[in-house]
>>> print(open('final05.cif').read())   # mmCIF, C-alpha atoms and all ligand atoms
data_input
loop_
_atom_site.label_atom_id
_atom_site.label_comp_id
_atom_site.auth_asym_id
_atom_site.auth_seq_id
_atom_site.Cartn_x
_atom_site.Cartn_y
_atom_site.Cartn_z
CA MET A 1 -34.75 17.19 -10.10
CA PRO A 2 -35.59 19.15 -6.90
CA ALA A 3 -32.76 21.20 -5.43
CA ALA A 4 -31.92 20.80 -1.74
CA LYS A 5 -33.66 23.39 0.43
CA PRO A 6 -31.29 25.93 2.06
CA ARG A 7 -31.78 24.34 5.50
CA ASP A 8 -31.01 20.88 4.05
CA SER A 9 -28.02 22.33 2.30
CA ARG A 10 -26.63 23.83 5.53
CA ARG A 11 -27.11 20.50 7.31
CA VAL A 12 -25.49 18.57 4.46
CA HIS A 13 -22.48 20.88 4.52
CA ALA A 14 -22.25 20.58 8.30
CA ILE A 15 -22.27 16.78 7.98
CA LEU A 16 -19.63 16.81 5.24
CA ASP A 17 -17.41 19.24 7.12
CA GLY A 18 -17.81 17.37 10.42
CA LEU A 19 -16.84 14.09 8.79
CA ALA A 20 -13.96 15.70 6.91
CA ARG A 21 -12.57 17.10 10.17
CA ALA A 22 -12.95 13.72 11.91
CA TYR A 23 -11.44 11.66 9.08
CA PRO A 24 -8.91 13.89 7.33
CA ASP A 25 -7.08 10.89 5.84
CA ALA A 26 -10.16 9.09 4.51
CA ALA A 27 -9.29 7.51 1.17
CA CYS A 28 -9.65 4.32 -0.79
CA ALA A 29 -8.13 1.55 1.35
CA LEU A 30 -7.58 -0.89 -1.52
CA HIS A 31 -3.91 -0.99 -2.50
CA HIS A 32 -3.41 -0.30 -6.20
CA ARG A 33 -0.90 1.29 -8.58
CA ASN A 34 -3.04 1.70 -11.69
CA ALA A 35 -6.62 1.50 -12.92
CA TRP A 36 -6.35 -2.22 -13.70
CA GLU A 37 -5.24 -3.06 -10.16
CA LEU A 38 -7.99 -0.87 -8.70
CA LEU A 39 -10.61 -2.53 -10.88
CA VAL A 40 -9.52 -6.02 -9.82
CA ALA A 41 -9.22 -5.07 -6.14
CA THR A 42 -12.69 -3.53 -6.19
CA ILE A 43 -14.22 -6.65 -7.76
CA LEU A 44 -12.49 -8.73 -5.07
CA SER A 45 -13.75 -6.47 -2.28
CA ALA A 46 -17.39 -7.55 -2.71
CA GLN A 47 -18.45 -9.25 0.54
CA CYS A 48 -14.85 -9.07 1.76
CA THR A 49 -12.75 -6.68 3.84
CA ASP A 50 -10.28 -4.37 2.11
CA ALA A 51 -7.58 -5.72 4.45
CA ARG A 52 -8.18 -9.26 3.19
CA VAL A 53 -8.12 -8.07 -0.43
CA ASN A 54 -4.83 -6.28 0.23
CA LEU A 55 -3.31 -9.55 1.44
CA VAL A 56 -4.22 -11.31 -1.79
CA THR A 57 -3.52 -8.71 -4.46
CA PRO A 58 0.30 -8.31 -4.31
CA ALA A 59 0.90 -11.88 -5.50
CA LEU A 60 -2.02 -11.68 -7.92
CA PHE A 61 -0.73 -8.49 -9.53
CA GLN A 62 2.77 -9.89 -9.74
CA LYS A 63 1.43 -12.86 -11.69
CA TYR A 64 -0.99 -10.83 -13.82
CA PRO A 65 0.29 -7.26 -14.01
CA THR A 66 -1.90 -6.27 -16.97
CA PRO A 67 -5.28 -7.17 -18.49
CA ALA A 68 -3.33 -8.87 -21.32
CA ALA A 69 -1.53 -11.14 -18.85
CA MET A 70 -4.81 -12.02 -17.12
CA ALA A 71 -6.65 -12.54 -20.42
CA ARG A 72 -4.27 -15.37 -21.32
CA VAL A 73 -5.46 -17.62 -18.47
CA SER A 74 -8.76 -19.28 -17.60
CA ALA A 75 -10.97 -18.15 -14.75
CA GLU A 76 -10.35 -21.49 -13.03
CA SER A 77 -6.63 -20.89 -12.90
CA ILE A 78 -7.17 -17.59 -11.02
CA GLU A 79 -9.41 -19.15 -8.39
CA PRO A 80 -6.67 -20.48 -6.04
CA ASP A 81 -5.08 -17.01 -5.90
CA ILE A 82 -8.28 -15.29 -4.74
CA ARG A 83 -10.00 -18.07 -2.81
CA SER A 84 -9.67 -16.38 0.59
CA THR A 85 -11.71 -13.34 -0.54
CA GLY A 86 -14.86 -15.48 -0.79
CA PHE A 87 -17.19 -15.99 -3.76
CA TYR A 88 -13.99 -16.78 -5.63
CA HIS A 89 -15.67 -18.70 -8.44
CA ASN A 90 -17.78 -15.74 -9.56
CA LYS A 91 -15.00 -13.24 -8.86
CA ALA A 92 -12.55 -15.23 -11.00
CA LYS A 93 -15.09 -15.32 -13.83
CA SER A 94 -15.60 -11.55 -13.56
CA ILE A 95 -11.89 -10.73 -13.48
CA ALA A 96 -10.98 -13.07 -16.35
CA GLY A 97 -13.97 -11.85 -18.38
CA ALA A 98 -13.15 -8.19 -17.71
CA ALA A 99 -9.53 -8.77 -18.74
CA ARG A 100 -10.60 -10.36 -21.99
CA ARG A 101 -13.02 -7.58 -22.80
CA LEU A 102 -10.40 -4.93 -22.00
CA VAL A 103 -8.00 -6.61 -24.41
CA ASP A 104 -10.59 -7.26 -27.13
CA THR A 105 -12.38 -3.90 -27.02
CA TYR A 106 -10.35 -1.31 -25.13
CA HIS A 107 -6.75 -1.93 -26.27
CA GLY A 108 -5.95 -3.49 -22.92
CA GLN A 109 -6.72 -0.26 -21.06
CA VAL A 110 -9.35 0.38 -18.40
CA PRO A 111 -11.81 2.86 -19.95
CA ASP A 112 -12.71 6.07 -18.16
CA THR A 113 -16.43 6.28 -18.84
CA MET A 114 -19.36 4.83 -16.91
CA ASP A 115 -20.96 3.36 -20.04
CA ALA A 116 -17.79 1.51 -21.05
CA LEU A 117 -17.02 0.28 -17.54
CA LEU A 118 -20.53 -1.10 -17.17
CA THR A 119 -19.93 -3.38 -20.17
CA LEU A 120 -17.19 -5.25 -18.27
CA PRO A 121 -18.26 -8.54 -16.68
CA GLY A 122 -18.74 -8.20 -12.93
CA VAL A 123 -18.75 -4.40 -12.99
CA ALA A 124 -21.82 -2.58 -11.71
CA ARG A 125 -22.17 1.08 -10.75
CA LYS A 126 -20.38 0.73 -7.41
CA THR A 127 -17.21 -0.68 -8.95
CA ALA A 128 -17.38 1.75 -11.87
CA ASN A 129 -17.80 4.68 -9.48
CA VAL A 130 -14.76 3.56 -7.46
CA VAL A 131 -12.58 3.35 -10.57
CA LEU A 132 -13.87 6.64 -12.01
CA GLY A 133 -13.65 8.54 -8.73
CA VAL A 134 -10.47 7.18 -7.20
CA TRP A 135 -8.32 6.64 -10.28
CA PHE A 136 -9.73 9.02 -12.88
CA HIS A 137 -10.92 11.67 -10.37
CA GLN A 138 -14.26 11.86 -12.13
CA ALA A 139 -17.39 12.40 -10.06
CA VAL A 140 -19.82 10.59 -12.34
CA GLY A 141 -21.76 9.07 -9.45
CA VAL A 142 -21.50 8.27 -5.76
CA VAL A 143 -20.03 4.99 -4.50
CA VAL A 144 -22.75 3.22 -2.52
CA ASP A 145 -21.51 0.27 -0.48
CA THR A 146 -23.02 -1.10 2.73
CA HIS A 147 -21.39 1.62 4.87
CA VAL A 148 -22.59 4.41 2.59
CA GLN A 149 -26.08 2.90 2.58
CA ARG A 150 -26.26 2.67 6.37
CA ILE A 151 -24.72 6.04 7.16
CA SER A 152 -26.76 7.87 4.50
CA ARG A 153 -29.98 6.40 5.84
CA ARG A 154 -29.11 7.11 9.48
CA LEU A 155 -28.28 10.69 8.58
CA GLN A 156 -31.58 10.90 6.68
CA LEU A 157 -29.86 11.85 3.46
CA THR A 158 -32.04 9.18 1.91
CA ALA A 159 -34.94 6.94 2.86
CA ALA A 160 -34.34 4.62 -0.09
CA THR A 161 -33.31 1.02 0.35
CA THR A 162 -31.68 0.12 -2.97
CA PRO A 163 -28.17 1.27 -3.91
CA GLU A 164 -29.45 2.75 -7.18
CA LYS A 165 -32.07 4.94 -5.47
CA ILE A 166 -29.72 5.88 -2.64
CA GLU A 167 -27.14 7.00 -5.19
CA LEU A 168 -29.74 9.17 -6.94
CA ASP A 169 -30.77 10.79 -3.65
CA LEU A 170 -27.12 11.48 -2.76
CA GLN A 171 -26.49 12.96 -6.20
CA ARG A 172 -29.42 15.33 -5.67
CA LEU A 173 -28.38 16.33 -2.16
CA LEU A 174 -24.59 16.47 -2.17
CA PRO A 175 -22.56 19.06 -4.06
CA ARG A 176 -20.92 17.27 -7.00
CA GLU A 177 -17.43 18.25 -5.88
CA ARG A 178 -18.02 16.27 -2.67
CA TRP A 179 -19.40 13.06 -4.26
CA ILE A 180 -16.07 11.22 -4.26
CA ASP A 181 -15.10 12.51 -0.86
CA TYR A 182 -18.44 11.67 0.75
CA ALA A 183 -18.09 7.95 0.06
CA HIS A 184 -14.60 7.87 1.60
CA LEU A 185 -15.85 9.78 4.64
CA ALA A 186 -18.98 7.66 5.11
CA ILE A 187 -16.94 4.46 4.82
CA ALA A 188 -14.39 5.75 7.37
CA HIS A 189 -17.21 6.78 9.71
CA GLY A 190 -18.98 3.45 9.21
CA ARG A 191 -15.86 1.54 10.15
CA ALA A 192 -14.73 3.68 13.08
CA CYS A 193 -17.92 4.87 14.72
CA CYS A 194 -21.28 4.39 13.01
CA VAL A 195 -20.99 0.61 13.01
CA ALA A 196 -23.96 -1.54 12.04
CA ARG A 197 -24.76 -2.81 15.52
CA LYS A 198 -24.63 -0.40 18.44
CA PRO A 199 -23.19 2.69 16.76
CA LYS A 200 -20.79 4.60 19.02
CA CYS A 201 -22.97 7.71 19.15
CA ALA A 202 -21.41 9.12 22.35
CA ALA A 203 -18.15 9.45 20.42
CA CYS A 204 -19.70 10.53 17.11
CA PRO A 205 -18.29 13.76 15.65
CA ILE A 206 -21.62 14.65 14.03
CA GLU A 207 -23.98 13.37 16.71
CA PRO A 208 -25.95 16.67 17.05
CA LEU A 209 -26.76 16.46 13.33
CA CYS A 210 -28.14 12.93 13.53
CA ARG A 211 -31.76 12.00 14.25
CA SER A 212 -31.44 8.27 13.61
CA LYS A 213 -33.66 5.90 15.54
CA ASP A 214 -30.60 3.65 15.82
CA LYS A 215 -28.80 6.13 18.09
CA THR A 216 -27.36 4.71 21.30
CA PHE A 217 -26.81 8.17 22.84
CA SER A 218 -28.33 11.54 22.02
CA THR A 219 -27.97 15.19 22.96
CA VAL A 220 -30.74 16.31 20.62
S1 LIG B 301 -25.02 9.72 16.05
FE1 LIG B 301 -24.80 7.50 16.03
S2 LIG B 301 -26.17 6.78 14.43
FE2 LIG B 301 -25.87 8.97 14.10
S3 LIG B 301 -24.16 9.13 12.64
FE3 LIG B 301 -23.30 9.24 14.69
S4 LIG B 301 -22.72 7.14 15.22
FE4 LIG B 301 -24.16 7.04 13.48
#
>>> encode(input="final05.cif", output="structure tokens", more="lines below")
Ligand code: SF4
Amino acid sequence: MPAAKPRDSRRVHAILDGLARAYPDAACALHHRNAWELLVATILSAQCTDARVNLVTPALFQKYPTPAAMARVSAESIEPDIRSTGFYHNKAKSIAGAARRLVDTYHGQVPDTMDALLTLPGVARKTANVVLGVWFHQAVGVVVDTHVQRISRRLQLTAATTPEKIELDLQRLLPRERWIDYAHLAIAHGRACCVARKPKCAACPIEPLCRSKDKTFSTV
């Protein structure tokens, strides 16, 4: 695994520090009180805004406060509660299936390892990384969602196009103690400034560090 060159390393630190200064409150925007709620909210957030998920989850968590409570009902009976988050049929199957597996195999608790999380229906590395990083404070990997993909590519931290390869590149380049933080910062930056269409480069806090061909304004 090649180490980052010193010049790369200085640039990476400058990017991380610039983003951290610009978004000091960057954090997971999904409302949750425990690992179970975070797991469900993260499954619901696929192809949906966090704000929309946060509208749906209070009533959902009141009805099904634990995996055991959720495991008692069918996927179909969850669907009306999560319909507005989109893809509700598959999401209901994932949540009901995950609840059942948690009860059957993990004593009704959300496990704190990547291998165990990946055995839950509907849970891939992104969801597992969110739960591990945000709830368990374990930097096992880097959360790669659409914002992280776009920002990482624009900042030339990766040239890869798949989440798996992007995550590997980020793991090689970023100091491990910044893995969790980086995803929060990239997501905040992607929402506020480095939007998909017409990024707001004139207002970008790290513009001098960016060589993206997507730039709408440049001083370098
Ligand atoms: S300069 Fe523009 S493209 Fe580059 S990170 Fe900033 S907003 Fe994104």
>>> residues_around(input="final05.cif", residues="stretch 183-192 of chain A", least_positions_apart="4", cutoff="7 Å", atoms="all atoms listed in the file", output="list in words")
Leu19, Ala20, Tyr23, Ala26, Ala27, Cys28, Val142, Val143, His147, Val148, Ile151 and Trp179 of chain A
>>> residues_around(input="final05.cif", residues="A:Arg101", least_positions_apart="5", cutoff="9 Å", atoms="only C-alpha atoms", output="ChimeraX atom specification")
/A:67,71,96,106,108,119-121
>>> closest_residue(input="final05.cif", among="A:Leu16, A:Val220, A:Leu155, A:Glu167", to="ligand LIG 301 (chain B)", atoms="all atoms listed in the file")
A:Leu155
>>> residues_near_ligand(input="final05.cif", ligand="ligand LIG 301 (chain B)", cutoff="9 Å", atoms="all atoms listed in the file", output="PyMOL selection string")
chain A and resi 150-152+154-155+189-190+192-196+198-218
>>> closest_residue(input="final05.cif", among="A:Val130, A:Leu30, A:Ala41, A:Cys48", to="A:Ser94", atoms="all atoms listed in the file")
A:Ala41
>>> closest_residue(input="final05.cif", among="A:Asp17, A:Asp145, A:Asp8, A:Glu76", to="A:Asn90", atoms="only C-alpha atoms")
A:Glu76
>>> residues_around(input="final05.cif", residues="stretch 36-39 of chain A", least_positions_apart="2", cutoff="7 Å", atoms="only C-alpha atoms", output="PDB file with C-alpha atoms, keeping the file's coordinate frame")
ATOM      1  CA  HIS A  32      -3.410  -0.300  -6.200  1.00  0.00           C
ATOM      2  CA  ARG A  33      -0.900   1.290  -8.580  1.00  0.00           C
ATOM      3  CA  ASN A  34      -3.040   1.700 -11.690  1.00  0.00           C
ATOM      4  CA  ALA A  41      -9.220  -5.070  -6.140  1.00  0.00           C
ATOM      5  CA  THR A  42     -12.690  -3.530  -6.190  1.00  0.00           C
ATOM      6  CA  ILE A  43     -14.220  -6.650  -7.760  1.00  0.00           C
ATOM      7  CA  THR A  66      -1.900  -6.270 -16.970  1.00  0.00           C
ATOM      8  CA  PRO A  67      -5.280  -7.170 -18.490  1.00  0.00           C
ATOM      9  CA  VAL A 110      -9.350   0.380 -18.400  1.00  0.00           C
ATOM     10  CA  VAL A 131     -12.580   3.350 -10.570  1.00  0.00           C
TER      11      VAL A 131
END
>>> atom_distance(input="final05.cif", atom1="atom CA of A:Arg172", atom2="atom CA of A:Gln47")
27.6 Å
>>> closest_residue(input="final05.cif", among="A:Ala116, A:Leu44, A:Leu174, A:Val144", to="A:Phe87", atoms="only C-alpha atoms")
A:Leu44
>>> closest_residue(input="final05.cif", among="A:Ala35, A:Ile82, A:Ser77, A:Leu117", to="A:Thr57", atoms="only C-alpha atoms")
A:Ile82
>>> atom_distance(input="final05.cif", atom1="atom CA of A:Ala92", atom2="atom CA of A:Glu79")
5.7 Å
>>> decode(input="final05.cif", residues="stretch 145-172 of chain A", atoms="N, CA, C and O atoms", output="PDB file, in the first residue's frame")
ATOM      1  N   ASP A 145     -20.585   8.390   0.257  1.00  0.00           N
ATOM      2  CA  ASP A 145     -21.904   8.604  -0.356  1.00  0.00           C
ATOM      3  C   ASP A 145     -21.695   9.453  -1.613  1.00  0.00           C
ATOM      4  O   ASP A 145     -20.560   9.653  -2.043  1.00  0.00           O
ATOM      5  N   THR A 146     -22.767   9.962  -2.194  1.00  0.00           N
ATOM      6  CA  THR A 146     -22.593  10.694  -3.457  1.00  0.00           C
ATOM      7  C   THR A 146     -21.782  11.978  -3.256  1.00  0.00           C
ATOM      8  O   THR A 146     -20.995  12.358  -4.118  1.00  0.00           O
ATOM      9  N   HIS A 147     -21.973  12.657  -2.105  1.00  0.00           N
ATOM     10  CA  HIS A 147     -21.191  13.870  -1.854  1.00  0.00           C
ATOM     11  C   HIS A 147     -19.702  13.531  -1.722  1.00  0.00           C
ATOM     12  O   HIS A 147     -18.854  14.205  -2.310  1.00  0.00           O
ATOM     13  N   VAL A 148     -19.417  12.509  -0.935  1.00  0.00           N
ATOM     14  CA  VAL A 148     -18.013  12.130  -0.717  1.00  0.00           C
ATOM     15  C   VAL A 148     -17.374  11.714  -2.044  1.00  0.00           C
ATOM     16  O   VAL A 148     -16.228  12.074  -2.340  1.00  0.00           O
ATOM     17  N   GLN A 149     -18.132  11.003  -2.858  1.00  0.00           N
ATOM     18  CA  GLN A 149     -17.602  10.611  -4.181  1.00  0.00           C
ATOM     19  C   GLN A 149     -17.244  11.848  -5.003  1.00  0.00           C
ATOM     20  O   GLN A 149     -16.143  11.968  -5.536  1.00  0.00           O
ATOM     21  N   ARG A 150     -18.205  12.766  -5.105  1.00  0.00           N
ATOM     22  CA  ARG A 150     -18.001  13.949  -5.965  1.00  0.00           C
ATOM     23  C   ARG A 150     -16.864  14.827  -5.451  1.00  0.00           C
ATOM     24  O   ARG A 150     -15.979  15.225  -6.209  1.00  0.00           O
ATOM     25  N   ILE A 151     -16.898  15.118  -4.175  1.00  0.00           N
ATOM     26  CA  ILE A 151     -15.887  16.036  -3.606  1.00  0.00           C
ATOM     27  C   ILE A 151     -14.498  15.394  -3.680  1.00  0.00           C
ATOM     28  O   ILE A 151     -13.513  16.056  -4.026  1.00  0.00           O
ATOM     29  N   SER A 152     -14.399  14.119  -3.382  1.00  0.00           N
ATOM     30  CA  SER A 152     -13.101  13.440  -3.398  1.00  0.00           C
ATOM     31  C   SER A 152     -12.516  13.413  -4.802  1.00  0.00           C
ATOM     32  O   SER A 152     -11.305  13.573  -4.989  1.00  0.00           O
ATOM     33  N   ARG A 153     -13.378  13.251  -5.790  1.00  0.00           N
ATOM     34  CA  ARG A 153     -12.899  13.249  -7.178  1.00  0.00           C
ATOM     35  C   ARG A 153     -12.506  14.658  -7.608  1.00  0.00           C
ATOM     36  O   ARG A 153     -11.477  14.855  -8.247  1.00  0.00           O
ATOM     37  N   ARG A 154     -13.323  15.649  -7.253  1.00  0.00           N
ATOM     38  CA  ARG A 154     -12.980  17.020  -7.648  1.00  0.00           C
ATOM     39  C   ARG A 154     -11.667  17.474  -6.999  1.00  0.00           C
ATOM     40  O   ARG A 154     -10.900  18.216  -7.600  1.00  0.00           O
ATOM     41  N   LEU A 155     -11.449  17.017  -5.785  1.00  0.00           N
ATOM     42  CA  LEU A 155     -10.210  17.400  -5.094  1.00  0.00           C
ATOM     43  C   LEU A 155      -9.040  16.490  -5.464  1.00  0.00           C
ATOM     44  O   LEU A 155      -7.951  16.612  -4.899  1.00  0.00           O
ATOM     45  N   GLN A 156      -9.290  15.598  -6.409  1.00  0.00           N
ATOM     46  CA  GLN A 156      -8.268  14.668  -6.903  1.00  0.00           C
ATOM     47  C   GLN A 156      -7.646  13.831  -5.778  1.00  0.00           C
ATOM     48  O   GLN A 156      -6.459  13.538  -5.804  1.00  0.00           O
ATOM     49  N   LEU A 157      -8.488  13.491  -4.816  1.00  0.00           N
ATOM     50  CA  LEU A 157      -8.055  12.534  -3.803  1.00  0.00           C
ATOM     51  C   LEU A 157      -8.232  11.120  -4.334  1.00  0.00           C
ATOM     52  O   LEU A 157      -7.716  10.163  -3.765  1.00  0.00           O
ATOM     53  N   THR A 158      -8.972  11.012  -5.405  1.00  0.00           N
ATOM     54  CA  THR A 158      -9.182   9.729  -6.076  1.00  0.00           C
ATOM     55  C   THR A 158      -9.565  10.000  -7.522  1.00  0.00           C
ATOM     56  O   THR A 158     -10.103  11.070  -7.835  1.00  0.00           O
ATOM     57  N   ALA A 159      -9.264   9.021  -8.374  1.00  0.00           N
ATOM     58  CA  ALA A 159      -9.767   9.083  -9.750  1.00  0.00           C
ATOM     59  C   ALA A 159     -10.749   7.939  -9.972  1.00  0.00           C
ATOM     60  O   ALA A 159     -11.271   7.763 -11.067  1.00  0.00           O
ATOM     61  N   ALA A 160     -10.991   7.166  -8.929  1.00  0.00           N
ATOM     62  CA  ALA A 160     -11.855   5.987  -9.061  1.00  0.00           C
ATOM     63  C   ALA A 160     -13.307   6.404  -9.208  1.00  0.00           C
ATOM     64  O   ALA A 160     -13.689   7.536  -8.888  1.00  0.00           O
ATOM     65  N   THR A 161     -14.108   5.459  -9.695  1.00  0.00           N
ATOM     66  CA  THR A 161     -15.518   5.779  -9.930  1.00  0.00           C
ATOM     67  C   THR A 161     -16.467   4.910  -9.103  1.00  0.00           C
ATOM     68  O   THR A 161     -17.661   5.174  -9.072  1.00  0.00           O
ATOM     69  N   THR A 162     -15.948   3.875  -8.476  1.00  0.00           N
ATOM     70  CA  THR A 162     -16.846   3.047  -7.648  1.00  0.00           C
ATOM     71  C   THR A 162     -16.607   3.379  -6.173  1.00  0.00           C
ATOM     72  O   THR A 162     -15.469   3.670  -5.766  1.00  0.00           O
ATOM     73  N   PRO A 163     -17.668   3.302  -5.362  1.00  0.00           N
ATOM     74  CA  PRO A 163     -17.511   3.610  -3.933  1.00  0.00           C
ATOM     75  C   PRO A 163     -16.421   2.772  -3.268  1.00  0.00           C
ATOM     76  O   PRO A 163     -15.660   3.275  -2.442  1.00  0.00           O
ATOM     77  N   GLU A 164     -16.338   1.496  -3.648  1.00  0.00           N
ATOM     78  CA  GLU A 164     -15.349   0.606  -3.014  1.00  0.00           C
ATOM     79  C   GLU A 164     -13.928   1.097  -3.287  1.00  0.00           C
ATOM     80  O   GLU A 164     -13.093   1.164  -2.382  1.00  0.00           O
ATOM     81  N   LYS A 165     -13.649   1.454  -4.553  1.00  0.00           N
ATOM     82  CA  LYS A 165     -12.291   1.895  -4.904  1.00  0.00           C
ATOM     83  C   LYS A 165     -12.013   3.285  -4.337  1.00  0.00           C
ATOM     84  O   LYS A 165     -10.893   3.592  -3.923  1.00  0.00           O
ATOM     85  N   ILE A 166     -13.022   4.137  -4.338  1.00  0.00           N
ATOM     86  CA  ILE A 166     -12.844   5.473  -3.749  1.00  0.00           C
ATOM     87  C   ILE A 166     -12.506   5.336  -2.270  1.00  0.00           C
ATOM     88  O   ILE A 166     -11.598   5.998  -1.755  1.00  0.00           O
ATOM     89  N   GLU A 167     -13.223   4.456  -1.577  1.00  0.00           N
ATOM     90  CA  GLU A 167     -12.948   4.261  -0.149  1.00  0.00           C
ATOM     91  C   GLU A 167     -11.507   3.796   0.057  1.00  0.00           C
ATOM     92  O   GLU A 167     -10.809   4.291   0.958  1.00  0.00           O
ATOM     93  N   LEU A 168     -11.036   2.879  -0.764  1.00  0.00           N
ATOM     94  CA  LEU A 168      -9.657   2.400  -0.622  1.00  0.00           C
ATOM     95  C   LEU A 168      -8.657   3.536  -0.825  1.00  0.00           C
ATOM     96  O   LEU A 168      -7.693   3.685  -0.075  1.00  0.00           O
ATOM     97  N   ASP A 169      -8.900   4.362  -1.856  1.00  0.00           N
ATOM     98  CA  ASP A 169      -7.991   5.493  -2.104  1.00  0.00           C
ATOM     99  C   ASP A 169      -7.987   6.443  -0.906  1.00  0.00           C
ATOM    100  O   ASP A 169      -6.930   6.933  -0.497  1.00  0.00           O
ATOM    101  N   LEU A 170      -9.175   6.717  -0.359  1.00  0.00           N
ATOM    102  CA  LEU A 170      -9.257   7.641   0.782  1.00  0.00           C
ATOM    103  C   LEU A 170      -8.559   7.044   2.007  1.00  0.00           C
ATOM    104  O   LEU A 170      -7.888   7.761   2.757  1.00  0.00           O
ATOM    105  N   GLN A 171      -8.697   5.748   2.175  1.00  0.00           N
ATOM    106  CA  GLN A 171      -8.028   5.100   3.315  1.00  0.00           C
ATOM    107  C   GLN A 171      -6.511   5.213   3.184  1.00  0.00           C
ATOM    108  O   GLN A 171      -5.799   5.366   4.166  1.00  0.00           O
ATOM    109  N   ARG A 172      -6.025   5.143   1.943  1.00  0.00           N
ATOM    110  CA  ARG A 172      -4.568   5.256   1.737  1.00  0.00           C
ATOM    111  C   ARG A 172      -4.084   6.687   1.984  1.00  0.00           C
ATOM    112  O   ARG A 172      -2.988   6.899   2.492  1.00  0.00           O
TER     113      ARG A 172
END
